[in-house]
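Below: my_file.cif (mmCIF, C-alpha atoms)
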```cif
data_query
#
loop_
_atom_site.group_PDB
_atom_site.id
_atom_site.type_symbol
_atom_site.label_atom_id
_atom_site.label_comp_id
_atom_site.auth_asym_id
_atom_site.auth_seq_id
_atom_site.Cartn_x
_atom_site.Cartn_y
_atom_site.Cartn_z
ATOM 1 C CA MET A 1 218.257 -11.837 -162.848
ATOM 2 C CA GLU A 2 216.118 -13.450 -160.200
ATOM 3 C CA SER A 3 214.296 -11.068 -157.907
ATOM 4 C CA VAL A 4 214.923 -11.453 -154.193
ATOM 5 C CA ARG A 5 212.514 -10.138 -151.584
ATOM 6 C CA ARG A 6 214.271 -8.438 -148.722
ATOM 7 C CA PRO A 7 213.865 -9.850 -145.187
ATOM 8 C CA SER A 8 210.568 -8.680 -143.662
ATOM 9 C CA GLN A 9 209.776 -6.691 -146.824
ATOM 10 C CA GLY A 10 206.065 -7.483 -146.606
ATOM 11 C CA VAL A 11 205.417 -6.353 -143.041
ATOM 12 C CA LYS A 12 207.732 -3.365 -143.439
ATOM 13 C CA ASN A 13 205.711 -2.232 -146.448
ATOM 14 C CA ILE A 14 202.465 -2.557 -144.511
ATOM 15 C CA ILE A 15 203.805 -0.380 -141.692
ATOM 16 C CA ARG A 16 205.355 2.042 -144.169
ATOM 17 C CA PHE A 17 202.207 2.510 -146.237
ATOM 18 C CA ASN A 18 199.784 2.496 -143.277
ATOM 19 C CA TRP A 19 201.902 4.412 -140.774
ATOM 20 C CA HIS A 20 198.996 6.743 -139.908
ATOM 21 C CA PHE A 21 197.085 3.838 -138.340
ATOM 22 C CA TYR A 22 200.106 2.820 -136.282
ATOM 23 C CA LEU A 23 200.772 6.418 -135.233
ATOM 24 C CA LEU A 24 197.172 6.881 -134.129
ATOM 25 C CA SER A 25 197.277 3.627 -132.157
ATOM 26 C CA VAL A 26 200.557 4.528 -130.449
ATOM 27 C CA CYS A 27 199.212 7.982 -129.534
ATOM 28 C CA LEU A 28 196.123 6.386 -128.009
ATOM 29 C CA LEU A 29 198.295 3.995 -125.998
ATOM 30 C CA ILE A 30 200.348 6.928 -124.706
ATOM 31 C CA VAL A 31 197.186 8.800 -123.666
ATOM 32 C CA ILE A 32 195.970 5.767 -121.739
ATOM 33 C CA VAL A 33 199.323 5.447 -119.950
ATOM 34 C CA LEU A 34 199.344 9.143 -119.024
ATOM 35 C CA LEU A 35 195.807 8.952 -117.665
ATOM 36 C CA ASN A 36 196.809 6.031 -115.466
ATOM 37 C CA ILE A 37 199.872 7.909 -114.204
ATOM 38 C CA PHE A 38 198.280 11.259 -113.371
ATOM 39 C CA PHE A 39 194.764 10.276 -112.354
ATOM 40 C CA ASN A 40 193.502 7.960 -109.683
ATOM 41 C CA SER A 41 190.050 6.633 -110.412
ATOM 42 C CA PRO A 42 188.391 3.243 -110.161
ATOM 43 C CA TYR A 43 187.261 3.714 -113.778
ATOM 44 C CA LEU A 44 190.859 3.664 -115.008
ATOM 45 C CA ILE A 45 190.682 -0.127 -114.946
ATOM 46 C CA PHE A 46 188.738 0.153 -118.175
ATOM 47 C CA GLY A 47 191.594 2.158 -119.638
ATOM 48 C CA ARG A 48 194.039 -0.560 -118.672
ATOM 49 C CA ILE A 49 191.823 -3.157 -120.330
ATOM 50 C CA LEU A 50 191.624 -0.986 -123.460
ATOM 51 C CA PHE A 51 195.416 -0.626 -123.431
ATOM 52 C CA VAL A 52 195.908 -4.401 -123.340
ATOM 53 C CA LEU A 53 193.331 -5.026 -126.074
ATOM 54 C CA LEU A 54 194.730 -2.340 -128.362
ATOM 55 C CA ALA A 55 198.337 -3.414 -127.850
ATOM 56 C CA ALA A 56 197.370 -7.042 -128.467
ATOM 57 C CA ALA A 57 195.470 -6.095 -131.646
ATOM 58 C CA ILE A 58 198.488 -4.223 -133.022
ATOM 59 C CA LEU A 59 200.844 -7.073 -132.155
ATOM 60 C CA VAL A 60 198.603 -9.811 -133.583
ATOM 61 C CA SER A 61 197.904 -7.973 -136.852
ATOM 62 C CA THR A 62 201.589 -7.187 -137.346
ATOM 63 C CA LEU A 63 202.704 -10.761 -136.640
ATOM 64 C CA THR A 64 199.990 -12.116 -138.937
ATOM 65 C CA SER A 65 201.102 -9.803 -141.725
ATOM 66 C CA TYR A 66 204.681 -10.935 -141.211
ATOM 67 C CA TYR A 67 203.567 -14.554 -141.479
ATOM 68 C CA VAL A 68 201.380 -13.990 -144.550
ATOM 69 C CA TYR A 69 203.652 -11.711 -146.573
ATOM 70 C CA ASP A 70 207.101 -12.859 -145.468
ATOM 71 C CA LEU A 71 206.980 -16.447 -144.199
ATOM 72 C CA SER A 72 204.079 -18.216 -145.900
ATOM 73 C CA GLY A 73 205.522 -18.564 -149.395
ATOM 74 C CA LEU A 74 202.810 -16.378 -150.925
ATOM 75 C CA TYR A 75 205.347 -14.640 -153.151
ATOM 76 C CA LYS A 76 207.288 -17.791 -154.007
ATOM 77 C CA LEU A 77 204.257 -18.799 -156.122
ATOM 78 C CA LYS A 78 204.686 -22.519 -155.479
ATOM 79 C CA TRP A 79 200.947 -22.655 -154.842
ATOM 80 C CA LEU A 80 200.465 -22.013 -158.580
ATOM 81 C CA GLU A 81 201.521 -25.605 -159.216
ATOM 82 C CA ARG A 82 197.908 -26.457 -158.375
ATOM 83 C CA VAL A 83 196.738 -24.281 -161.290
ATOM 84 C CA ALA A 84 197.259 -25.662 -164.804
ATOM 85 C CA ILE A 85 199.171 -22.909 -166.607
ATOM 86 C CA LYS A 86 201.194 -23.683 -169.724
ATOM 87 C CA GLY A 87 204.645 -22.196 -169.984
ATOM 88 C CA ASN A 88 203.945 -20.491 -173.311
ATOM 89 C CA SER A 89 200.618 -18.988 -172.256
ATOM 90 C CA ARG A 90 199.460 -15.462 -172.932
ATOM 91 C CA ILE A 91 199.132 -14.039 -169.428
ATOM 92 C CA VAL A 92 197.611 -10.839 -168.084
ATOM 93 C CA ASN A 93 198.404 -9.609 -164.584
ATOM 94 C CA ILE A 94 196.055 -6.876 -163.347
ATOM 95 C CA HIS A 95 196.792 -4.848 -160.232
ATOM 96 C CA SER A 96 195.412 -1.846 -158.394
ATOM 97 C CA GLY A 97 198.422 0.443 -158.381
ATOM 98 C CA PHE A 98 200.920 -1.575 -156.344
ATOM 99 C CA ASP A 99 202.554 -4.445 -158.209
ATOM 100 C CA GLU A 100 204.731 -6.985 -156.385
ATOM 101 C CA THR A 101 203.891 -9.973 -158.584
ATOM 102 C CA SER A 102 204.561 -9.210 -162.254
ATOM 103 C CA VAL A 103 208.315 -9.715 -161.963
ATOM 104 C CA LEU A 104 207.658 -12.982 -160.097
ATOM 105 C CA LEU A 105 205.258 -14.223 -162.788
ATOM 106 C CA ALA A 106 207.764 -13.284 -165.479
ATOM 107 C CA GLU A 107 210.387 -15.404 -163.705
ATOM 108 C CA LYS A 108 208.042 -18.345 -163.149
ATOM 109 C CA TYR A 109 206.803 -18.370 -166.748
ATOM 110 C CA PRO A 110 209.762 -17.073 -168.799
ATOM 111 C CA ASP A 111 208.316 -18.381 -172.086
ATOM 112 C CA ALA A 112 204.931 -16.757 -171.558
ATOM 113 C CA GLU A 113 203.775 -13.480 -173.057
ATOM 114 C CA LEU A 114 203.107 -11.340 -169.989
ATOM 115 C CA MET A 115 201.030 -8.160 -170.151
ATOM 116 C CA VAL A 116 200.580 -6.008 -167.056
ATOM 117 C CA PHE A 117 197.590 -3.732 -166.503
ATOM 118 C CA ASP A 118 196.995 -1.173 -163.762
ATOM 119 C CA PHE A 119 193.382 -0.146 -163.071
ATOM 120 C CA TYR A 120 194.197 2.346 -160.316
ATOM 121 C CA ASP A 121 192.032 5.481 -160.530
ATOM 122 C CA PRO A 122 192.752 8.073 -157.800
ATOM 123 C CA LEU A 123 189.181 9.375 -158.043
ATOM 124 C CA LYS A 124 187.661 5.938 -157.356
ATOM 125 C CA HIS A 125 190.318 4.074 -155.409
ATOM 126 C CA THR A 126 191.148 6.462 -152.610
ATOM 127 C CA GLU A 127 193.242 4.304 -150.262
ATOM 128 C CA VAL A 128 196.147 6.461 -149.096
ATOM 129 C CA SER A 129 198.302 3.348 -148.694
ATOM 130 C CA ILE A 130 198.156 2.727 -152.452
ATOM 131 C CA LYS A 131 199.257 6.287 -153.182
ATOM 132 C CA ARG A 132 202.283 5.824 -150.914
ATOM 133 C CA ALA A 133 203.096 2.453 -152.465
ATOM 134 C CA ARG A 134 202.989 3.894 -155.981
ATOM 135 C CA LYS A 135 205.507 6.547 -154.985
ATOM 136 C CA ALA A 136 207.803 3.982 -153.394
ATOM 137 C CA TYR A 137 207.790 1.346 -156.153
ATOM 138 C CA PRO A 138 208.044 1.950 -159.911
ATOM 139 C CA SER A 139 205.645 0.191 -162.264
ATOM 140 C CA TYR A 140 206.679 -2.983 -164.043
ATOM 141 C CA LYS A 141 208.158 -2.213 -167.469
ATOM 142 C CA GLY A 142 205.438 -1.928 -170.096
ATOM 143 C CA THR A 143 202.560 -1.598 -167.620
ATOM 144 C CA THR A 144 199.419 -0.210 -169.265
ATOM 145 C CA HIS A 145 196.662 1.703 -167.532
ATOM 146 C CA VAL A 146 193.138 0.349 -168.061
ATOM 147 C CA ASN A 147 189.682 1.172 -166.791
ATOM 148 C CA THR A 148 187.829 -1.426 -164.754
ATOM 149 C CA ASP A 149 185.049 -1.465 -167.359
ATOM 150 C CA SER A 150 187.291 -1.409 -170.424
ATOM 151 C CA ILE A 151 190.342 -3.605 -170.994
ATOM 152 C CA SER A 152 191.937 -2.887 -174.375
ATOM 153 C CA MET A 153 192.221 -6.443 -175.650
ATOM 154 C CA ASN A 154 190.366 -8.560 -178.159
ATOM 155 C CA ASN A 155 187.712 -11.084 -177.202
ATOM 156 C CA ASN A 156 188.954 -14.564 -176.277
ATOM 157 C CA SER A 157 192.616 -13.529 -176.546
ATOM 158 C CA VAL A 158 194.175 -14.430 -173.178
ATOM 159 C CA ASP A 159 194.989 -17.811 -171.626
ATOM 160 C CA ASN A 160 195.317 -16.725 -167.994
ATOM 161 C CA VAL A 161 194.438 -13.648 -165.954
ATOM 162 C CA PHE A 162 195.813 -12.883 -162.494
ATOM 163 C CA ALA A 163 194.307 -10.488 -159.958
ATOM 164 C CA ILE A 164 196.442 -10.914 -156.843
ATOM 165 C CA LEU A 165 195.340 -8.931 -153.775
ATOM 166 C CA ALA A 166 193.921 -6.277 -156.102
ATOM 167 C CA ALA A 167 190.240 -6.686 -156.963
ATOM 168 C CA HIS A 168 188.990 -5.824 -153.445
ATOM 169 C CA GLU A 169 190.196 -2.255 -154.072
ATOM 170 C CA ILE A 170 187.186 -1.922 -156.386
ATOM 171 C CA ARG A 171 184.822 -1.010 -153.575
ATOM 172 C CA ASP A 172 181.612 -0.762 -155.612
ATOM 173 C CA GLU A 173 180.086 -4.173 -156.378
ATOM 174 C CA ASP A 174 178.600 -3.105 -159.711
ATOM 175 C CA GLU A 175 182.046 -1.912 -160.785
ATOM 176 C CA ARG A 176 183.562 -5.233 -159.684
ATOM 177 C CA ILE A 177 181.003 -7.082 -161.807
ATOM 178 C CA MET A 178 181.870 -4.962 -164.861
ATOM 179 C CA PHE A 179 185.554 -5.596 -164.197
ATOM 180 C CA PHE A 180 185.134 -9.372 -164.149
ATOM 181 C CA ARG A 181 182.867 -9.245 -167.186
ATOM 182 C CA GLU A 182 185.730 -7.599 -169.035
ATOM 183 C CA ILE A 183 188.045 -10.348 -167.818
ATOM 184 C CA ASN A 184 185.535 -12.923 -169.048
ATOM 185 C CA ARG A 185 185.417 -11.187 -172.442
ATOM 186 C CA ILE A 186 189.170 -11.322 -173.040
ATOM 187 C CA LEU A 187 189.587 -14.844 -171.583
ATOM 188 C CA LYS A 188 189.877 -17.746 -174.003
ATOM 189 C CA PRO A 189 187.492 -20.695 -173.563
ATOM 190 C CA GLY A 190 189.380 -23.147 -171.372
ATOM 191 C CA GLY A 191 191.487 -20.361 -169.881
ATOM 192 C CA SER A 192 191.613 -19.524 -166.188
ATOM 193 C CA VAL A 193 191.410 -16.514 -163.890
ATOM 194 C CA VAL A 194 193.372 -16.601 -160.630
ATOM 195 C CA VAL A 195 191.983 -14.301 -157.930
ATOM 196 C CA VAL A 196 193.869 -14.073 -154.628
ATOM 197 C CA GLU A 197 192.226 -12.284 -151.698
ATOM 198 C CA HIS A 198 191.811 -11.948 -147.969
ATOM 199 C CA LEU A 199 188.208 -12.664 -146.983
ATOM 200 C CA ARG A 200 185.948 -11.001 -144.463
ATOM 201 C CA ASP A 201 185.846 -14.114 -142.291
ATOM 202 C CA VAL A 202 186.689 -15.310 -138.791
ATOM 203 C CA PRO A 203 190.457 -15.885 -139.281
ATOM 204 C CA ASN A 204 190.934 -12.407 -140.755
ATOM 205 C CA PHE A 205 188.795 -10.840 -138.022
ATOM 206 C CA LEU A 206 190.933 -12.487 -135.357
ATOM 207 C CA ALA A 207 194.049 -11.273 -137.150
ATOM 208 C CA TYR A 208 193.061 -7.758 -138.207
ATOM 209 C CA ASN A 209 190.141 -6.915 -135.937
ATOM 210 C CA PHE A 210 187.927 -4.273 -137.546
ATOM 211 C CA GLY A 211 190.419 -3.958 -140.391
ATOM 212 C CA PHE A 212 188.807 -7.071 -141.851
ATOM 213 C CA PHE A 213 185.954 -4.853 -143.090
ATOM 214 C CA HIS A 214 188.302 -3.742 -145.872
ATOM 215 C CA PHE A 215 188.033 -7.286 -147.217
ATOM 216 C CA LEU A 216 184.954 -8.805 -148.870
ATOM 217 C CA PRO A 217 182.950 -11.847 -147.747
ATOM 218 C CA LYS A 218 183.078 -15.004 -149.817
ATOM 219 C CA SER A 219 179.388 -14.646 -150.667
ATOM 220 C CA SER A 220 180.120 -11.285 -152.316
ATOM 221 C CA TRP A 221 182.878 -12.770 -154.455
ATOM 222 C CA TYR A 222 180.680 -15.656 -155.547
ATOM 223 C CA ARG A 223 177.891 -13.245 -156.445
ATOM 224 C CA VAL A 224 180.270 -11.144 -158.533
ATOM 225 C CA PHE A 225 181.743 -14.180 -160.288
ATOM 226 C CA LYS A 226 178.275 -15.516 -161.101
ATOM 227 C CA ASP A 227 177.052 -12.182 -162.476
ATOM 228 C CA ALA A 228 180.194 -12.033 -164.619
ATOM 229 C CA SER A 229 179.475 -15.544 -165.982
ATOM 230 C CA LEU A 230 182.582 -16.987 -164.358
ATOM 231 C CA GLY A 231 182.465 -20.264 -162.468
ATOM 232 C CA VAL A 232 184.717 -21.254 -159.556
ATOM 233 C CA PHE A 233 186.709 -24.188 -160.896
ATOM 234 C CA ASP A 234 188.838 -24.498 -157.756
ATOM 235 C CA GLU A 235 189.175 -22.785 -154.385
ATOM 236 C CA PHE A 236 191.919 -23.244 -151.809
ATOM 237 C CA ARG A 237 193.793 -21.385 -149.107
ATOM 238 C CA ILE A 238 197.467 -20.499 -149.133
ATOM 239 C CA THR A 239 197.229 -19.698 -145.416
ATOM 240 C CA PRO A 240 194.195 -19.430 -143.103
ATOM 241 C CA PHE A 241 194.110 -15.758 -144.152
ATOM 242 C CA ILE A 242 194.540 -15.918 -147.954
ATOM 243 C CA THR A 243 192.093 -17.575 -150.365
ATOM 244 C CA VAL A 244 192.652 -18.413 -154.034
ATOM 245 C CA PHE A 245 189.752 -18.640 -156.489
ATOM 246 C CA VAL A 246 190.429 -20.271 -159.869
ATOM 247 C CA LEU A 247 187.738 -19.238 -162.334
ATOM 248 C CA GLU A 248 186.712 -20.256 -165.834
ATOM 249 C CA LYS A 249 184.016 -19.224 -168.284
ATOM 250 C CA TYR A 250 180.630 -20.860 -167.768
ATOM 251 C CA GLY A 251 180.282 -23.665 -170.267
ATOM 252 C CA ALA A 252 184.011 -23.896 -170.878
#
```
Encoded form using structure tokens:
Amino acid sequence: MESVRRPSQGVKNIIRFNWHFYLLSVCLLIVIVLLNIFFNSPYLIFGRILFVLLAAAILVSTLTSYYVYDLSGLYKLKWLERVAIKGNSRIVNIHSGFDETSVLLAEKYPDAELMVFDFYDPLKHTEVSIKRARKAYPSYKGTTHVNTDSISMNNNSVDNVFAILAAHEIRDEDERIMFFREINRILKPGGSVVVVEHLRDVPNFLAYNFGFFHFLPKSSWYRVFKDASLGVFDEFRITPFITVFVLEKYGA
């Protein structure tokens, strides 16, 4: 049965899993309004400016998330037509505790052998939003837990590896390098790795303000890929806010 994403599912999930940020922002807006009501000071103009900036930041980030996760076609996977993936491939999808893509990949490649791995470690990956997401959504059937430095598969045994909006949750760069070295180890020569991420760049700063620090700059990704002996075969954007890296083994 084909999976159907509910209307506004993406932005609703973001608000649901990050409600503490929205609550804090709303409380701050209320404080600013109360100060302007009960106090009369020339300095309150700065409060009004802060109110406008904060309200605008919340609105812009929410609308951007709605565009990216609900309107852009990110989860329709049509952008994968640019990546050469055979229908009978052996595919690994690796996520960081919240998996919205395995069922979609299974539908897109019904003749493929799909294996799903979850590297979430509550001691290392401490984002509260992931913990809430894990409680709200069950794991894909057959999902196996792996460590970022140890994927239980043979060398050169996989045609394609996907890491969709997941690898940035590995906050330590040395750990990210070990993770991609493991991906390199299990990847067949001529196979590909598809990494999908927000970047710490101007579009994401304009959209998410200081929240863009949760993302990684392109230079960091390239450094990690190089140290893991993976070359960037292709790079393109799904939207101004989402970048796709297609990787292959050096020398492949």
Enumerate, as a PyMOL selection string, the residues matched when the PyMOL selection byres ((chain A and resi 191) around 12) is run on the file above.
-> chain A and resi 83-86+89-92+156-162+183-190+192-194+230-231+233+246-252
Ile130 (chain A) environment, 10 Å, all atoms listed in the file, sequence neighbours closer than 4 positions dropped, as a short mmCIF file (atom, residue, chain, number, x, y, z; two decimals) with C-alpha atoms, keeping the file's coordinate frame:
```
data_model
loop_
_atom_site.label_atom_id
_atom_site.label_comp_id
_atom_site.auth_asym_id
_atom_site.auth_seq_id
_atom_site.Cartn_x
_atom_site.Cartn_y
_atom_site.Cartn_z
CA PHE A 17 202.21 2.51 -146.24
CA ASN A 18 199.78 2.50 -143.28
CA SER A 96 195.41 -1.85 -158.39
CA GLY A 97 198.42 0.44 -158.38
CA PHE A 98 200.92 -1.58 -156.34
CA TYR A 120 194.20 2.35 -160.32
CA PRO A 122 192.75 8.07 -157.80
CA HIS A 125 190.32 4.07 -155.41
CA THR A 126 191.15 6.46 -152.61
CA ARG A 134 202.99 3.89 -155.98
CA LYS A 135 205.51 6.55 -154.99
CA ALA A 136 207.80 3.98 -153.39
CA GLU A 169 190.20 -2.26 -154.07
#
```
Would you kindly return, as number ranges by chain, each protein, DNA or RNA residue with an atom no farther than 8 Å from any atom of Glu182 (chain A), considering only C-alpha atoms and excluding same-chain residues fewer than 5 positions away?
-> A: 148-151
May I ask for the distance between CA of Glu113 (chain A) and CA of Arg82 (chain A), given in Å to one decimal place?
-> 20.5 Å
Among listed residues A:Ser139, A:Thr239, A:Asn88, A:Asn93, nearest Leu74 (chain A) (using all atoms listed in the file) |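 Closest candidate: A:Thr239.
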Atom completion result for region 224-235 of chain A (N, CA and C atoms) as a compact mmCIF listing (two decimals), in the coordinates of the input:
```txt
# COMPACT_ATOMS: atom_id res chain seq x y z
N VAL A 224 179.61 -11.88 -157.45
CA VAL A 224 180.27 -11.14 -158.53
C VAL A 224 180.69 -12.10 -159.64
N PHE A 225 181.30 -13.22 -159.28
CA PHE A 225 181.74 -14.18 -160.29
C PHE A 225 180.55 -14.69 -161.10
N LYS A 226 179.46 -15.00 -160.41
CA LYS A 226 178.28 -15.52 -161.10
C LYS A 226 177.71 -14.48 -162.06
N ASP A 227 177.60 -13.24 -161.62
CA ASP A 227 177.05 -12.18 -162.48
C ASP A 227 177.98 -11.88 -163.65
N ALA A 228 179.25 -12.23 -163.52
CA ALA A 228 180.19 -12.03 -164.62
C ALA A 228 180.32 -13.29 -165.49
N SER A 229 179.48 -14.28 -165.23
CA SER A 229 179.48 -15.54 -165.98
C SER A 229 180.81 -16.28 -165.87
N LEU A 230 181.37 -16.24 -164.65
CA LEU A 230 182.58 -16.99 -164.36
C LEU A 230 182.28 -18.00 -163.26
N GLY A 231 182.69 -19.23 -163.47
CA GLY A 231 182.46 -20.26 -162.47
C GLY A 231 183.73 -20.54 -161.67
N VAL A 232 183.57 -20.92 -160.41
CA VAL A 232 184.72 -21.25 -159.56
C VAL A 232 185.11 -22.70 -159.83
N PHE A 233 186.21 -22.86 -160.55
CA PHE A 233 186.71 -24.19 -160.90
C PHE A 233 187.42 -24.83 -159.71
N ASP A 234 188.11 -24.00 -158.92
CA ASP A 234 188.84 -24.50 -157.76
C ASP A 234 188.92 -23.38 -156.73
N GLU A 235 189.02 -23.75 -155.47
CA GLU A 235 189.18 -22.78 -154.38
C GLU A 235 190.04 -23.42 -153.31
```
